[in-house]
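Peer 1: The structure that follows is given in the form of structure tokens.
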Amino acid sequence: MRRVIIFFTALVVAGCSIGGPSAIAPTPASQRSLARIYHCPTKGSIVYVSDYNNDVINIYKGNLAGQAPCGQIGSRTSLSAPDGLYIQVKTHDLYVANGGVSSVKVFHRGQLVPYNTYVDQSHQLVQFMDATVTKDGTLIATSTDCTLSTWIVGPNGGTFVGNFTMKHCQPSYPTYVAADKNDTIYYDGQIGGMFNPHAALFSLKCPLGACGAQTRFFWDVPTFSYPTGMAFDAAGDLLVTNGQGDTFELPNPKPKFFPMPIPGEGMAINVRDDHWFVAADIDGAAEYSYPNGALVGTVPANSNGYMAGVAVDP
């Protein structure tokens, strides 16, 4: 099961460096000192990486090149086990699947604390893992408890619409979500049960949060074995971090791919320069050029950190 909080000493984290010239970096600042630092630019590309263990989100300026964060947002008073991240490009707002307390937190760029919180009001037990916002203003969050939660985006937690059961979902199985330019929602699920599990891709529509029938798009594709992040590129292709970088020209289930020497969980694509980012657990985060898959650079994890989600504000 993926979602186990992992604690390592700083020595062990350093010993598990992800290698290469770009991985040689200064030791990250302590959580206490870094929380008081925010020197990130108001414009230009910044990268967010969530730390599931330390309840914070690191921010990096520009390309990943072994640098220390320019800032850090959140704390144990505002975040709990932050996981998947999503940037609403038109507003530059960061949406955080806040798994530990069943909420989605939203930060304005440059702000240290969230300005909005979305809560599932169905009284279902949910542990949010990923989130996205569609063009019609629907916020959709997936959970490891086999449900989709939806809201109409707005102030004071927006308008909660509903909690929808996900087909063929295995509890505690990681489930990621992405929306294409037509507001079709895609998420990964699992079929075959505990003893014969297969990853599968599902699609559905959730106009203004009202989710309809779920369709199994494909399953049992040899390369679609354990997806750990999804996004769409500018051409409308589905990108999946899956132990490698998969590009699906849907509905074709056979992807183009490139190997990932540093695989991870969660992903983001910077459509300005076609760079692919992954959070890399205890190894920090990595950046690849797309579509050739060349490793651009890396940054280390926080002390005792588990870097779970990534987003880029271009």
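A note on labels: chains of the structure tokens are A, B, ... as shown, every chain counts residues from 1, and ligands are counted from 1 in their shown order.
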As a PyMOL selection string, please: the residues near Lys205 (chain A) (cut-off 9 Å, only C-alpha atoms, same-chain neighbours under 3 positions excluded).
Peer 2: chain A and resi 183-186+209-214
Peer 1: What residues in region 79-287 of chain A get the DSSP label strand (DSSP E)? Please answer as a ChimeraX atom specification.
Peer 2: /A:82-88,93-98,103-107,116-119,128-133,138-143,147-152,159-165,177-179,184-191,198-205,215-219,230-232,238-241,244-248,256-259,265-270,275-279,285-287
Peer 1: With C-alpha atoms kept, could you save the residues just selected as an mmCIF file, in the first residue's frame?
Peer 2:
```
data_model
loop_
_atom_site.group_PDB
_atom_site.id
_atom_site.type_symbol
_atom_site.label_atom_id
_atom_site.label_comp_id
_atom_site.auth_asym_id
_atom_site.auth_seq_id
_atom_site.Cartn_x
_atom_site.Cartn_y
_atom_site.Cartn_z
ATOM 1 C CA PRO A 82 -0.640 17.151 1.282
ATOM 2 C CA ASP A 83 -0.698 14.918 -1.773
ATOM 3 C CA GLY A 84 -1.703 15.704 -5.368
ATOM 4 C CA LEU A 85 -1.324 19.294 -6.605
ATOM 5 C CA TYR A 86 -3.037 21.217 -9.396
ATOM 6 C CA ILE A 87 -2.484 24.716 -10.820
ATOM 7 C CA GLN A 88 -5.414 26.655 -12.270
ATOM 8 C CA ASP A 93 -4.087 29.329 -7.778
ATOM 9 C CA LEU A 94 -2.649 26.138 -6.301
ATOM 10 C CA TYR A 95 -5.119 23.392 -5.327
ATOM 11 C CA VAL A 96 -3.874 20.862 -2.749
ATOM 12 C CA ALA A 97 -5.436 17.461 -2.054
ATOM 13 C CA ASN A 98 -5.090 17.650 1.718
ATOM 14 C CA SER A 103 -10.175 18.780 2.333
ATOM 15 C CA VAL A 104 -8.859 20.590 -0.727
ATOM 16 C CA LYS A 105 -6.887 23.719 0.164
ATOM 17 C CA VAL A 106 -6.303 26.606 -2.238
ATOM 18 C CA PHE A 107 -3.382 29.063 -2.160
ATOM 19 C CA ASN A 116 -10.076 28.763 0.557
ATOM 20 C CA THR A 117 -10.988 25.268 1.743
ATOM 21 C CA TYR A 118 -13.295 22.740 0.075
ATOM 22 C CA VAL A 119 -14.811 20.040 2.292
ATOM 23 C CA PHE A 128 -8.186 13.001 -0.923
ATOM 24 C CA MET A 129 -5.325 12.136 -3.217
ATOM 25 C CA ASP A 130 -5.598 14.284 -6.330
ATOM 26 C CA ALA A 131 -7.656 17.156 -7.722
ATOM 27 C CA THR A 132 -8.370 19.072 -10.914
ATOM 28 C CA VAL A 133 -10.589 21.946 -12.066
ATOM 29 C CA THR A 138 -16.024 22.192 -11.381
ATOM 30 C CA LEU A 139 -13.504 21.050 -8.783
ATOM 31 C CA ILE A 140 -13.089 17.261 -8.751
ATOM 32 C CA ALA A 141 -11.090 15.384 -6.118
ATOM 33 C CA THR A 142 -10.298 11.678 -6.055
ATOM 34 C CA SER A 143 -9.781 9.717 -2.879
ATOM 35 C CA THR A 147 -15.039 8.134 -4.387
ATOM 36 C CA LEU A 148 -15.073 11.312 -6.470
ATOM 37 C CA SER A 149 -16.068 14.535 -4.700
ATOM 38 C CA THR A 150 -17.228 17.576 -6.668
ATOM 39 C CA TRP A 151 -17.864 21.282 -6.018
ATOM 40 C CA ILE A 152 -18.695 24.368 -8.011
ATOM 41 C CA THR A 159 -20.863 24.780 -3.543
ATOM 42 C CA PHE A 160 -20.593 21.101 -2.709
ATOM 43 C CA VAL A 161 -22.361 18.989 -5.366
ATOM 44 C CA GLY A 162 -21.819 15.352 -4.486
ATOM 45 C CA ASN A 163 -19.789 12.302 -3.613
ATOM 46 C CA PHE A 164 -19.768 9.623 -6.322
ATOM 47 C CA THR A 165 -18.642 6.010 -6.000
ATOM 48 C CA VAL A 177 -7.378 12.523 -12.135
ATOM 49 C CA ALA A 178 -7.060 14.819 -15.166
ATOM 50 C CA ALA A 179 -9.504 16.703 -17.398
ATOM 51 C CA THR A 184 -13.966 14.835 -20.036
ATOM 52 C CA ILE A 185 -12.592 13.455 -16.782
ATOM 53 C CA TYR A 186 -10.095 10.588 -16.732
ATOM 54 C CA TYR A 187 -8.974 8.643 -13.700
ATOM 55 C CA ASP A 188 -7.086 5.430 -13.074
ATOM 56 C CA GLY A 189 -8.769 2.593 -11.234
ATOM 57 C CA GLN A 190 -8.191 -1.053 -10.581
ATOM 58 C CA ILE A 191 -10.127 -4.100 -11.741
ATOM 59 C CA HIS A 198 -5.122 -4.698 -13.211
ATOM 60 C CA ALA A 199 -4.820 -0.968 -13.596
ATOM 61 C CA ALA A 200 -7.513 0.546 -15.812
ATOM 62 C CA LEU A 201 -8.366 3.934 -17.256
ATOM 63 C CA PHE A 202 -11.888 5.315 -16.835
ATOM 64 C CA SER A 203 -13.626 8.371 -18.255
ATOM 65 C CA LEU A 204 -16.790 10.278 -17.391
ATOM 66 C CA LYS A 205 -18.433 13.686 -17.578
ATOM 67 C CA THR A 215 -16.767 4.183 -18.924
ATOM 68 C CA ARG A 216 -13.799 1.845 -18.825
ATOM 69 C CA PHE A 217 -11.484 3.239 -21.468
ATOM 70 C CA PHE A 218 -8.882 0.487 -21.522
ATOM 71 C CA TRP A 219 -7.231 -1.944 -19.173
ATOM 72 C CA MET A 230 -1.774 12.043 -15.154
ATOM 73 C CA ALA A 231 -2.038 15.281 -17.136
ATOM 74 C CA PHE A 232 -2.882 16.491 -20.638
ATOM 75 C CA LEU A 238 -2.830 12.045 -22.104
ATOM 76 C CA LEU A 239 0.473 11.876 -20.255
ATOM 77 C CA VAL A 240 0.914 9.235 -17.565
ATOM 78 C CA THR A 241 3.796 8.704 -15.161
ATOM 79 C CA GLN A 244 8.162 5.582 -17.412
ATOM 80 C CA GLY A 245 6.765 8.558 -19.301
ATOM 81 C CA ASP A 246 3.751 7.403 -21.356
ATOM 82 C CA THR A 247 2.051 9.533 -24.022
ATOM 83 C CA PHE A 248 -1.372 8.253 -25.111
ATOM 84 C CA LYS A 256 4.837 6.352 -26.947
ATOM 85 C CA PHE A 257 7.151 6.366 -23.959
ATOM 86 C CA PHE A 258 10.540 7.287 -22.570
ATOM 87 C CA PRO A 259 12.351 5.639 -19.636
ATOM 88 C CA GLU A 265 4.341 9.933 -7.903
ATOM 89 C CA GLY A 266 2.258 12.751 -9.232
ATOM 90 C CA MET A 267 3.210 14.695 -12.334
ATOM 91 C CA ALA A 268 2.908 18.048 -14.054
ATOM 92 C CA ILE A 269 3.635 19.340 -17.530
ATOM 93 C CA ASN A 270 4.872 22.864 -18.216
ATOM 94 C CA HIS A 275 9.008 19.879 -19.441
ATOM 95 C CA TRP A 276 7.635 16.933 -17.451
ATOM 96 C CA PHE A 277 7.931 17.019 -13.644
ATOM 97 C CA VAL A 278 7.544 14.190 -11.126
ATOM 98 C CA ALA A 279 7.647 14.084 -7.339
ATOM 99 C CA ALA A 285 11.655 15.725 -7.474
ATOM 100 C CA ALA A 286 12.844 15.401 -11.064
ATOM 101 C CA GLU A 287 12.349 17.303 -14.321
#
```
Peer 1: Can you tell me which residues surround Tyr60 (chain A) at a distance of at most 7 Å, considering only C-alpha atoms, apart from same-chain residues fewer than 5 positions away, and format the answer as a PyMOL selection string?
Peer 2: chain A and resi 46-48+69-70
Peer 1: Interatomic distance between CA of Lys135 (chain A) and CA of Gly100 (chain A)?
Peer 2: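 Separation between CA of Lys135 (chain A) and CA of Gly100 (chain A): 27.5 Å.
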Peer 1: Have a look at A:Ser102, A:Ala65, A:Gly264, A:Pro41 and name the one nearest to Ser80 (chain A); count only C-alpha atoms.
Peer 2: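 For Ser80 (chain A), the nearest of the candidates is A:Ser102.
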Peer 1: Rank nothing, just name the residue among A:Val310, A:Leu295, A:Val221, A:Val49 nearest to Pro255 (chain A), using only C-alpha atoms.
Peer 2: A:Val221
Peer 1: Pull the helix (DSSP H, G or I) assignments for region 26-223 of chain A out of DSSP run on the backbone, and list those residues as a ChimeraX atom specification.
Peer 2: /A:31-34,99-101,207-209
Peer 1: Find the residue from A:Ile282, A:Gly243, A:Cys146, A:Gly236 that sits nearest to Ser303 (chain A); use only C-alpha atoms when measuring.
Peer 2: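 Checking each candidate against Ser303 (chain A), we get A:Ile282 as the closest.
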Peer 1: Tell me which of A:Lys254, A:His108, A:Lys61, A:Lys90 sits closest to Gly44 (chain A), counting only C-alpha atoms.
Peer 2: A:Lys61
